[in-house]
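Data from work.csv: CSV, C-alpha atoms and all ligand atoms
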chain,number,residue,atom,x,y,z
T,1,MET,CA,119.6,218.2,163.1
T,2,GLU,CA,118.9,215.8,160.3
T,3,LYS,CA,121.3,214.1,158.0
T,4,GLY,CA,120.9,214.0,154.3
T,5,THR,CA,122.4,214.0,150.8
T,6,VAL,CA,122.5,217.0,148.4
T,7,ILE,CA,120.8,215.9,145.2
T,8,LYS,CA,120.5,219.2,143.4
T,9,SER,CA,122.1,222.6,143.6
T,10,THR,CA,120.8,225.7,141.9
T,11,GLY,CA,123.2,228.2,143.2
T,12,SER,CA,121.3,229.6,146.2
T,13,TRP,CA,119.1,226.6,147.0
T,14,TYR,CA,120.1,223.1,147.6
T,15,GLN,CA,117.7,220.1,147.6
T,16,VAL,CA,118.6,217.7,150.4
T,17,GLN,CA,117.2,214.2,150.5
T,18,LEU,CA,116.8,213.4,154.2
T,19,GLN,CA,118.2,210.1,155.3
T,20,ASP,CA,115.5,209.1,157.8
T,21,LYS,CA,112.4,210.4,156.1
T,22,GLY,CA,113.5,210.0,152.5
T,23,THR,CA,111.8,213.3,151.7
T,24,VAL,CA,113.4,216.2,149.9
T,25,MET,CA,113.9,219.5,151.7
T,26,ASP,CA,114.9,222.8,150.1
T,27,CYS,CA,117.8,224.3,152.0
T,28,ARG,CA,120.0,227.3,152.1
T,29,ILE,CA,123.5,227.7,153.5
T,30,VAL,CA,124.8,230.6,155.6
T,31,GLY,CA,128.4,231.8,155.8
T,32,LYS,CA,131.3,231.7,153.4
T,33,PHE,CA,133.0,228.5,152.6
T,34,ARG,CA,136.4,227.9,151.0
T,35,LEU,CA,138.0,224.9,149.4
T,36,GLU,CA,141.7,224.5,150.0
T,37,GLY,CA,141.9,228.2,150.6
T,38,GLN,CA,140.2,229.2,147.3
T,39,LYS,CA,136.8,230.7,146.7
T,40,VAL,CA,134.1,228.4,145.4
T,41,THR,CA,131.0,229.5,143.6
T,42,ASN,CA,129.0,226.7,145.2
T,43,PRO,CA,130.2,225.7,148.7
T,44,VAL,CA,127.9,222.7,148.7
T,45,ALA,CA,128.1,220.1,146.0
T,46,VAL,CA,125.7,217.5,144.7
T,47,GLY,CA,126.7,214.3,146.5
T,48,ASP,CA,127.6,216.0,149.8
T,49,GLU,CA,126.4,214.5,153.0
T,50,VAL,CA,125.1,217.3,155.1
T,51,GLU,CA,123.5,218.1,158.5
T,52,VAL,CA,120.4,220.2,158.2
T,53,GLU,CA,118.5,222.2,160.7
T,54,PRO,CA,114.8,222.5,159.7
T,55,ASN,CA,113.3,225.9,159.8
T,56,GLU,CA,110.3,226.6,161.9
T,57,ASN,CA,107.9,225.8,159.1
T,58,GLU,CA,109.6,222.4,158.8
T,59,GLU,CA,109.5,222.7,155.0
T,60,THR,CA,112.8,224.4,154.4
T,61,GLY,CA,116.0,224.2,156.2
T,62,THR,CA,119.6,225.4,156.7
T,63,ILE,CA,122.7,223.4,156.0
T,64,ARG,CA,124.8,223.7,159.1
T,65,ASN,CA,127.5,221.2,158.4
T,66,ILE,CA,129.1,219.3,155.5
T,67,LEU,CA,130.5,215.9,156.4
T,68,PRO,CA,134.0,215.1,155.2
T,69,ARG,CA,134.1,214.3,151.5
T,70,ARG,CA,135.4,211.0,150.3
T,71,ASN,CA,136.4,212.8,147.0
T,72,TYR,CA,135.2,215.5,144.8
T,73,VAL,CA,135.5,216.9,141.3
T,74,VAL,CA,136.2,220.5,140.9
T,75,ARG,CA,136.7,222.8,137.9
T,76,GLN,CA,137.4,226.4,137.3
T,77,SER,CA,134.2,228.3,137.4
T,78,PRO,CA,132.9,229.0,133.9
T,79,ARG,CA,131.6,232.4,135.2
T,80,ARG,CA,134.3,233.7,137.5
T,81,LYS,CA,137.7,232.5,136.4
T,82,HIS,CA,139.3,233.0,139.7
T,83,ASP,CA,136.8,230.9,141.5
T,84,LEU,CA,136.3,227.1,141.6
T,85,HIS,CA,133.1,225.3,140.9
T,86,LEU,CA,132.4,222.0,142.6
T,87,LEU,CA,130.8,219.6,140.1
T,88,ALA,CA,130.0,216.7,142.6
T,89,SER,CA,131.4,214.9,145.6
T,90,ASN,CA,131.4,211.3,147.0
T,91,ILE,CA,131.3,209.7,143.6
T,92,ASP,CA,132.3,206.1,142.6
T,93,GLN,CA,133.1,206.9,139.1
T,94,ALA,CA,133.0,209.5,136.3
T,95,VAL,CA,131.6,208.9,132.8
T,96,VAL,CA,132.7,211.2,130.1
T,97,ILE,CA,130.7,211.0,126.9
T,98,VAL,CA,132.4,212.0,123.6
T,99,THR,CA,131.8,211.3,120.0
T,100,ILE,CA,134.2,211.1,117.0
T,101,VAL,CA,131.7,212.7,114.6
T,102,GLN,CA,128.8,215.1,115.0
T,103,PRO,CA,130.4,217.0,116.6
T,104,ASP,CA,134.1,216.2,115.9
T,105,LEU,CA,136.1,215.1,118.9
T,106,LYS,CA,137.8,218.1,120.3
T,107,GLN,CA,141.5,217.3,120.5
T,108,GLY,CA,142.7,217.3,124.1
T,109,PHE,CA,139.2,217.2,125.6
T,110,ILE,CA,139.5,213.7,127.1
T,111,ASP,CA,142.8,214.5,128.7
T,112,ARG,CA,141.4,217.7,130.2
T,113,PHE,CA,138.5,215.7,131.7
T,114,LEU,CA,140.9,213.1,133.1
T,115,LEU,CA,143.0,215.9,134.7
T,116,MET,CA,139.8,216.8,136.6
T,117,THR,CA,139.0,213.3,137.8
T,118,GLU,CA,142.6,212.1,138.5
T,119,PRO,CA,143.4,214.1,141.7
T,120,TYR,CA,141.2,211.6,143.7
T,121,SER,CA,141.9,208.7,141.3
T,122,ILE,CA,138.2,208.6,140.4
T,123,PRO,CA,137.7,205.7,138.0
T,124,THR,CA,136.7,207.2,134.7
T,125,VAL,CA,134.9,205.5,131.8
T,126,ILE,CA,135.3,207.2,128.3
T,127,VAL,CA,132.1,206.5,126.3
T,128,PHE,CA,132.3,207.0,122.6
T,129,ASN,CA,128.7,207.6,121.5
T,130,LYS,CA,127.1,207.7,118.0
T,131,ALA,CA,128.8,204.5,116.9
T,132,ASP,CA,126.1,204.1,114.3
T,133,LEU,CA,127.6,207.1,112.4
T,134,TYR,CA,131.2,205.8,112.5
T,135,ASP,CA,132.7,204.6,109.2
T,136,ALA,CA,135.8,202.4,109.1
T,137,GLY,CA,138.1,205.4,109.6
T,138,HIS,CA,136.2,206.6,112.7
T,139,ARG,CA,136.3,203.0,114.1
T,140,GLY,CA,140.0,203.1,113.5
T,141,VAL,CA,140.3,206.3,115.5
T,142,PHE,CA,138.2,204.7,118.3
T,143,GLU,CA,140.5,201.6,118.4
T,144,TYR,CA,143.6,203.8,118.5
T,145,LEU,CA,142.2,205.9,121.4
T,146,ARG,CA,140.9,202.8,123.2
T,147,GLY,CA,144.4,201.4,123.0
T,148,ILE,CA,145.9,204.5,124.6
T,149,TYR,CA,143.4,204.8,127.4
T,150,GLU,CA,142.9,201.2,128.3
T,151,SER,CA,146.7,200.7,128.5
T,152,ILE,CA,146.8,203.2,131.4
T,153,GLY,CA,143.7,201.9,133.2
T,154,TYR,CA,140.8,203.9,131.9
T,155,ARG,CA,137.8,202.1,130.4
T,156,ALA,CA,136.8,203.0,126.8
T,157,LEU,CA,133.4,202.0,125.5
T,158,LEU,CA,131.8,202.2,122.1
T,159,VAL,CA,128.0,202.9,122.2
T,160,SER,CA,125.1,204.1,120.2
T,161,ALA,CA,122.3,205.7,122.1
T,162,THR,CA,120.0,205.5,119.1
T,163,GLY,CA,121.2,202.1,117.7
T,164,GLY,CA,121.6,200.3,121.0
T,165,GLU,CA,125.2,199.1,120.6
T,166,GLY,CA,127.0,199.0,123.9
T,167,VAL,CA,124.1,200.3,125.9
T,168,GLU,CA,123.7,197.2,128.0
T,169,GLU,CA,127.4,197.2,128.8
T,170,LEU,CA,127.2,200.8,129.9
T,171,LYS,CA,124.2,200.0,132.0
T,172,SER,CA,126.0,197.2,133.8
T,173,LEU,CA,128.9,199.6,134.5
T,174,LEU,CA,126.6,202.0,136.1
T,175,ARG,CA,124.6,199.6,138.2
T,176,GLY,CA,124.9,200.1,142.0
T,177,LYS,CA,127.3,203.1,141.6
T,178,VAL,CA,127.1,206.8,141.9
T,179,SER,CA,128.4,208.1,138.6
T,180,LEU,CA,129.1,211.6,137.5
T,181,ILE,CA,128.0,211.9,133.9
T,182,SER,CA,129.4,214.6,131.7
T,183,GLY,CA,130.3,215.6,128.2
T,184,GLN,CA,130.4,218.4,125.7
T,185,SER,CA,127.2,219.8,124.4
T,186,GLY,CA,125.6,217.7,121.6
T,187,VAL,CA,127.4,214.4,122.2
T,188,GLY,CA,124.1,212.8,123.0
T,189,LYS,CA,124.1,212.6,126.8
T,190,SER,CA,120.4,213.1,127.2
T,191,THR,CA,119.6,210.5,124.5
T,192,LEU,CA,122.0,208.0,126.1
T,193,VAL,CA,120.7,208.5,129.6
T,194,ASN,CA,117.2,207.9,128.2
T,195,ALA,CA,118.4,204.7,126.6
T,196,ILE,CA,119.8,203.6,129.9
T,197,GLU,CA,116.9,204.6,132.0
T,198,PRO,CA,113.8,205.3,129.9
T,199,GLY,CA,111.6,207.9,131.5
T,200,LEU,CA,114.4,209.6,133.4
T,201,GLU,CA,113.9,213.2,132.7
T,202,LEU,CA,117.1,215.2,132.5
T,203,ARG,CA,116.2,218.7,133.4
T,204,THR,CA,119.8,219.8,133.8
T,205,GLN,CA,120.3,222.9,131.8
T,206,GLU,CA,122.6,225.8,131.3
T,207,LEU,CA,120.5,228.8,131.9
T,208,SER,CA,121.6,232.1,130.4
T,209,ASP,CA,120.5,235.4,131.8
T,210,TYR,CA,121.5,238.8,130.6
T,211,SER,CA,122.8,241.3,133.1
T,212,GLY,CA,124.4,244.7,132.4
T,213,LYS,CA,127.8,243.0,132.6
T,214,GLY,CA,127.1,240.5,129.9
T,215,GLN,CA,126.1,237.0,129.4
T,216,HIS,CA,126.1,234.7,132.4
T,217,THR,CA,125.7,231.0,132.5
T,218,THR,CA,124.5,229.2,135.6
T,219,THR,CA,125.4,225.6,136.2
T,220,PHE,CA,123.1,223.1,137.8
T,221,ALA,CA,123.9,219.5,138.7
T,222,GLU,CA,121.4,216.9,139.7
T,223,MET,CA,121.5,213.4,141.1
T,224,HIS,CA,119.0,210.9,139.7
T,225,PRO,CA,118.5,207.5,141.3
T,226,LEU,CA,118.7,204.5,138.9
T,227,ALA,CA,116.0,201.8,139.0
T,228,ASP,CA,118.7,199.0,139.3
T,229,GLY,CA,120.5,200.8,142.1
T,230,GLY,CA,123.0,203.6,142.1
T,231,ALA,CA,122.6,207.1,140.7
T,232,LEU,CA,123.6,209.4,138.0
T,233,ILE,CA,124.9,212.9,138.7
T,234,ASP,CA,124.1,214.8,135.6
T,235,THR,CA,126.1,217.9,134.9
T,236,PRO,CA,125.4,220.6,132.2
T,237,GLY,CA,127.3,220.3,128.9
T,238,ILE,CA,130.9,221.3,129.3
T,239,LYS,CA,132.1,224.0,126.9
T,240,SER,CA,135.7,224.1,128.0
T,241,LEU,CA,137.8,223.1,131.0
T,242,SER,CA,140.7,225.2,132.4
T,243,PHE,CA,142.7,224.7,135.5
T,244,ILE,CA,143.5,228.0,137.3
T,245,HIS,CA,143.8,226.1,140.6
T,246,LEU,CA,146.5,223.8,139.5
T,247,GLU,CA,150.3,224.2,139.8
T,248,PRO,CA,152.5,222.9,137.0
T,249,MET,CA,153.6,220.0,139.2
T,250,ASP,CA,150.0,219.0,139.7
T,251,VAL,CA,149.6,218.5,136.0
T,252,ALA,CA,152.7,216.2,136.0
T,253,HIS,CA,151.4,214.2,139.0
T,254,ASN,CA,148.0,213.7,137.4
T,255,PHE,CA,149.1,212.0,134.2
T,256,ARG,CA,149.1,208.6,135.9
T,257,GLU,CA,151.2,206.7,133.4
T,258,PHE,CA,154.2,209.0,134.0
T,259,PHE,CA,154.5,207.8,137.6
T,260,GLU,CA,156.4,204.5,137.0
T,261,TYR,CA,159.0,206.4,134.8
T,262,SER,CA,159.3,209.6,136.8
T,263,GLU,CA,161.2,208.0,139.6
T,264,ASN,CA,164.0,207.4,137.1
T,265,CYS,CA,164.1,211.0,136.0
T,266,LYS,CA,167.3,212.8,137.0
T,267,PHE,CA,165.3,215.3,138.9
T,268,GLY,CA,162.9,212.7,140.2
T,269,GLY,CA,159.7,214.0,141.6
T,270,ASN,CA,160.6,217.6,140.6
T,271,CYS,CA,160.9,216.8,136.9
T,272,LEU,CA,158.3,218.5,134.6
T,273,HIS,CA,159.3,216.1,131.8
T,274,ARG,CA,159.9,218.7,129.3
T,275,ASN,CA,163.5,219.6,128.5
T,276,GLU,CA,165.1,218.3,131.7
T,277,PRO,CA,168.3,216.3,131.2
T,278,GLY,CA,167.9,212.6,132.0
T,279,CYS,CA,164.1,212.7,131.8
T,280,ALA,CA,162.8,209.1,131.8
T,281,VAL,CA,159.3,210.1,130.8
T,282,LYS,CA,160.4,211.9,127.7
T,283,GLU,CA,162.6,208.8,126.9
T,284,ALA,CA,159.6,206.6,127.3
T,285,VAL,CA,157.6,208.7,124.9
T,286,GLU,CA,160.5,208.6,122.4
T,287,SER,CA,160.7,204.9,122.6
T,288,GLU,CA,156.9,204.7,122.2
T,289,ALA,CA,156.4,203.1,125.6
T,290,LEU,CA,154.2,206.1,126.4
T,291,SER,CA,151.6,207.7,124.1
T,292,ASP,CA,152.9,210.7,122.3
T,293,LEU,CA,149.3,212.0,122.0
T,294,ARG,CA,148.9,212.1,125.8
T,295,TYR,CA,152.4,213.6,126.1
T,296,MET,CA,151.5,216.3,123.6
T,297,ASN,CA,148.3,217.2,125.5
T,298,TYR,CA,150.3,217.1,128.7
T,299,LEU,CA,152.7,219.8,127.4
T,300,THR,CA,149.8,221.9,126.3
T,301,LEU,CA,148.1,221.8,129.7
T,302,LEU,CA,151.4,222.4,131.4
T,303,GLU,CA,152.1,225.5,129.4
T,304,GLU,CA,148.6,226.7,130.0
T,305,VAL,CA,148.9,226.3,133.8
T,306,GLU,CA,152.3,228.0,133.7
T,307,ASP,CA,151.0,231.0,131.8
T,308,GLN,CA,148.1,231.4,134.2
T,309,ASN,CA,150.5,231.2,137.2
T,310,TYR,CA,152.7,233.9,135.5
T,311,TRP,CA,149.8,236.3,135.1
T,312,GLU,CA,148.6,235.6,138.6
T,313,ARG,CA,152.0,236.5,140.0
T,314,HIS,CA,152.3,239.7,138.0
T,315,LYS,CA,148.7,240.9,138.5
T,316,GLY,CA,148.6,244.5,139.6
T,317,VAL,CA,152.4,244.9,139.4
Q,1,LIG,N1,123.2,209.0,115.0
Q,1,LIG,C1,123.1,209.2,116.4
Q,1,LIG,N2,122.6,210.4,116.8
Q,1,LIG,C2,122.6,210.5,118.2
Q,1,LIG,C3,123.0,209.5,119.1
Q,1,LIG,N3,122.9,210.0,120.3
Q,1,LIG,C4,122.3,211.2,120.2
Q,1,LIG,N4,122.2,211.6,118.9
Q,1,LIG,C5,121.7,212.8,118.4
Q,1,LIG,O1,122.6,213.9,118.8
Q,1,LIG,C6,121.9,215.1,119.0
Q,1,LIG,C7,122.2,215.6,120.4
Q,1,LIG,O2,121.7,214.7,121.4
Q,1,LIG,P1,121.4,215.1,122.9
Q,1,LIG,O3,121.0,213.9,123.6
Q,1,LIG,O4,120.4,216.3,122.9
Q,1,LIG,O5,122.8,215.7,123.3
Q,1,LIG,P2,123.3,216.2,124.7
Q,1,LIG,O6,124.6,215.8,124.9
Q,1,LIG,O7,122.3,215.9,125.8
Q,1,LIG,O8,123.3,217.8,124.4
Q,1,LIG,P3,123.0,219.0,125.3
Q,1,LIG,O9,121.6,218.9,125.7
Q,1,LIG,O10,123.4,220.2,124.5
Q,1,LIG,O11,123.9,218.9,126.5
Q,1,LIG,C8,120.4,214.7,118.9
Q,1,LIG,O12,120.0,215.1,117.6
Q,1,LIG,C9,120.4,213.2,119.0
Q,1,LIG,O13,119.3,212.6,118.4
Q,1,LIG,C10,123.5,208.3,118.5
Q,1,LIG,O14,123.9,207.4,119.2
Q,1,LIG,N5,123.5,208.2,117.2
Q,2,ZN,ZN,161.0,213.7,133.7
Just give me the structure of the file as structure tokens.
Amino acid sequence: MEKGTVIKSTGSWYQVQLQDKGTVMDCRIVGKFRLEGQKVTNPVAVGDEVEVEPNENEETGTIRNILPRRNYVVRQSPRRKHDLHLLASNIDQAVVIVTIVQPDLKQGFIDRFLLMTEPYSIPTVIVFNKADLYDAGHRGVFEYLRGIYESIGYRALLVSATGGEGVEELKSLLRGKVSLISGQSGVGKSTLVNAIEPGLELRTQELSDYSGKGQHTTTFAEMHPLADGGALIDTPGIKSLSFIHLEPMDVAHNFREFFEYSENCKFGGNCLHRNEPGCAVKEAVESEALSDLRYMNYLTLLEEVEDQNYWERHKGV
């Protein structure tokens, strides 16, 4: 057995960088794996520490064991809505790239992303790219959002991949850390990564193939080492994020700023902060101690998760 780190996954094959030799081996996995009792489309994630048994040819191998994960980021599979998809594991931080223009910032996207990274309290940096295109109004929107997110402990950064603004600061945030980097399509992720590490070829892509059942997208993630230390785990552009695997209470527990108020809710840890009498979270929103934008997005996500749970329970009845 040899130990290694998964640096790329393509669905059926995994590239494992071997700890001792430093070489990369193509590996397969046998058997079915589950995550917290739910099916996963990819049982092994980029970032996983694994034990590999080399095949007779010594060129390929079989993953026999996944070492315990320090953390992981999971989303609902874009292909099979009842399955989960592991984006990455054992990461130090997540970087979500957004832009206010070209394309317009999708309302609620940042909070959806944070709901994905919050279960393991993964530090998340929100990078606003294309600063060179922002007029005074756009800058105002950035300042407003930065105020909201930095007050609850997330870093917000203004950068321009093409103009250079903020790139050095982002570079120093990435140094020495394993960062998951993600964003909606077209926000400039490839351009930005190239500005950070010229020559780093992002080959991550969303491949579409056509089968009789319709259009399928396959997701690939890949870990790239950084010259200054650390690594980037690149993920394909995210179209949408939903949360079939969460319960309503999980949504409440992963809006981190609610915590210091929720202990004063009449129903304490069981409060969903909606119409419950004596809800301290709702009061804090009304008195503007908490952001009403975040609260509004919270209610949307809560309702979405409740609807899903409803249909799950009534399926086949
Ligand atoms: N003005 C301006 N344009 C940018 C900036 N960063 C990226 N772009 C442009 O935005 C477009 C999309 O950039 P990409 O780097 O391909 O975006 P991406 O996020 O990797 O997109 P996908 O490959 O679809 O995931 C390109 O035309 C870039 O030249 C920026 O900071 N300022
Ligand atoms: Zn409450």
Q: Enumerate as a ChimeraX atom specification the residues within 12 Å of ligand LIG 1 (chain Q), counting only C-alpha atoms and all ligand atoms.
A: /T:96-103,127-135,158-167,181-196,201-207,219,234-239
Each chain T residue no farther than 9 Å from ligand ZN 2 (chain Q), nearest pair in Å, only C-alpha atoms and all ligand atoms, as a Markdown table:
| residue | atom | partner | partner_atom | distance |
| --- | --- | --- | --- | --- |
| T:Ala252 | CA | Q:ZN2 | ZN | 9.0 |
| T:Phe258 | CA | Q:ZN2 | ZN | 8.3 |
| T:Tyr261 | CA | Q:ZN2 | ZN | 7.6 |
| T:Ser262 | CA | Q:ZN2 | ZN | 5.4 |
| T:Glu263 | CA | Q:ZN2 | ZN | 8.2 |
| T:Asn264 | CA | Q:ZN2 | ZN | 7.8 |
| T:Cys265 | CA | Q:ZN2 | ZN | 4.7 |
| T:Lys266 | CA | Q:ZN2 | ZN | 7.2 |
| T:Phe267 | CA | Q:ZN2 | ZN | 6.9 |
| T:Gly268 | CA | Q:ZN2 | ZN | 6.8 |
| T:Gly269 | CA | Q:ZN2 | ZN | 8.0 |
| T:Asn270 | CA | Q:ZN2 | ZN | 7.9 |
| T:Cys271 | CA | Q:ZN2 | ZN | 4.5 |
| T:Leu272 | CA | Q:ZN2 | ZN | 5.6 |
| T:His273 | CA | Q:ZN2 | ZN | 3.5 |
| T:Arg274 | CA | Q:ZN2 | ZN | 6.8 |
| T:Asn275 | CA | Q:ZN2 | ZN | 8.3 |
| T:Glu276 | CA | Q:ZN2 | ZN | 6.5 |
| T:Pro277 | CA | Q:ZN2 | ZN | 8.1 |
| T:Gly278 | CA | Q:ZN2 | ZN | 7.2 |
| T:Cys279 | CA | Q:ZN2 | ZN | 3.8 |
| T:Ala280 | CA | Q:ZN2 | ZN | 5.3 |
| T:Val281 | CA | Q:ZN2 | ZN | 4.9 |
| T:Lys282 | CA | Q:ZN2 | ZN | 6.3 |
| T:Glu283 | CA | Q:ZN2 | ZN | 8.5 |
Q: Within 10 Å of Gln107 of chain T, counting only C-alpha atoms, which residues show up once you throw out same-chain ones fewer than 3 positions away? Write them as a PyMOL selection string, please.
A: chain T and resi 104+110-112+293+297
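Minimum atom-to-atom distances from T:Lys3, T:Arg75, T:Lys39, T:His82 to Gly61 of chain T were compared using all atoms listed in the file, and the lowest value belongs to T:Lys3.
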**Q.** Val6 of chain T environment, 12 Å, all atoms listed in the file, sequence neighbours closer than 5 positions dropped, as number ranges by chain
**A.** T: 13-19, 23-29, 43-52, 63, 65-67, 88-90, 221-224, 233
Q. Which residue gives the smallest distance to Phe243 of chain T among T:Ser9, T:Thr117, T:Gln76, T:Ser151, with only C-alpha atoms counted?
A.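 Residue with the minimum atom-to-atom distance to Phe243 of chain T: T:Gln76.
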Q. What is the distance, in Å and to one decimal place, between atom CA of Lys81 of chain T and atom CA of Gln38 of chain T?
A. 11.7 Å
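Residue nearest His138 of chain T within the list T:Met116, T:Leu105, T:Met1, T:Leu157: T:Leu105 [criterion: smallest interatomic distance, all atoms listed in the file].
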(Q) Can you measure atom CA of Gly176 of chain T to atom CA of Ile122 of chain T for me? One decimal in Å is fine. (A)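 Computed distance, atom CA of Gly176 of chain T to atom CA of Ile122 of chain T, equals 15.9 Å.
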(Q) Can you tell me which residues surround Leu174 of chain T at a distance of at most 12 Å, considering only C-alpha atoms, apart from same-chain residues fewer than 3 positions away, and format the answer as a PyMOL selection string? (A) chain T and resi 91-95+123-125+167-171+177-181+193+196-197+225-233
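For the choices T:Ile148, T:Ile7, T:Leu301, T:Leu84, the atom-to-atom distance to Glu247 of chain T is smallest for T:Leu301 when using only C-alpha atoms.
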Q. Between T:Gly11, T:Glu59, T:Gly147, T:Leu87, which is the closest to Tyr72 of chain T once you count only C-alpha atoms?
A.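 Checking each of T:Gly11, T:Glu59, T:Gly147, T:Leu87 against Tyr72 of chain T, counting only C-alpha atoms, the winner is T:Leu87.
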Q: Work out how far atom CA of Lys106 of chain T is from atom CA of Leu290 of chain T, in Å to one decimal.
A: 21.2 Å
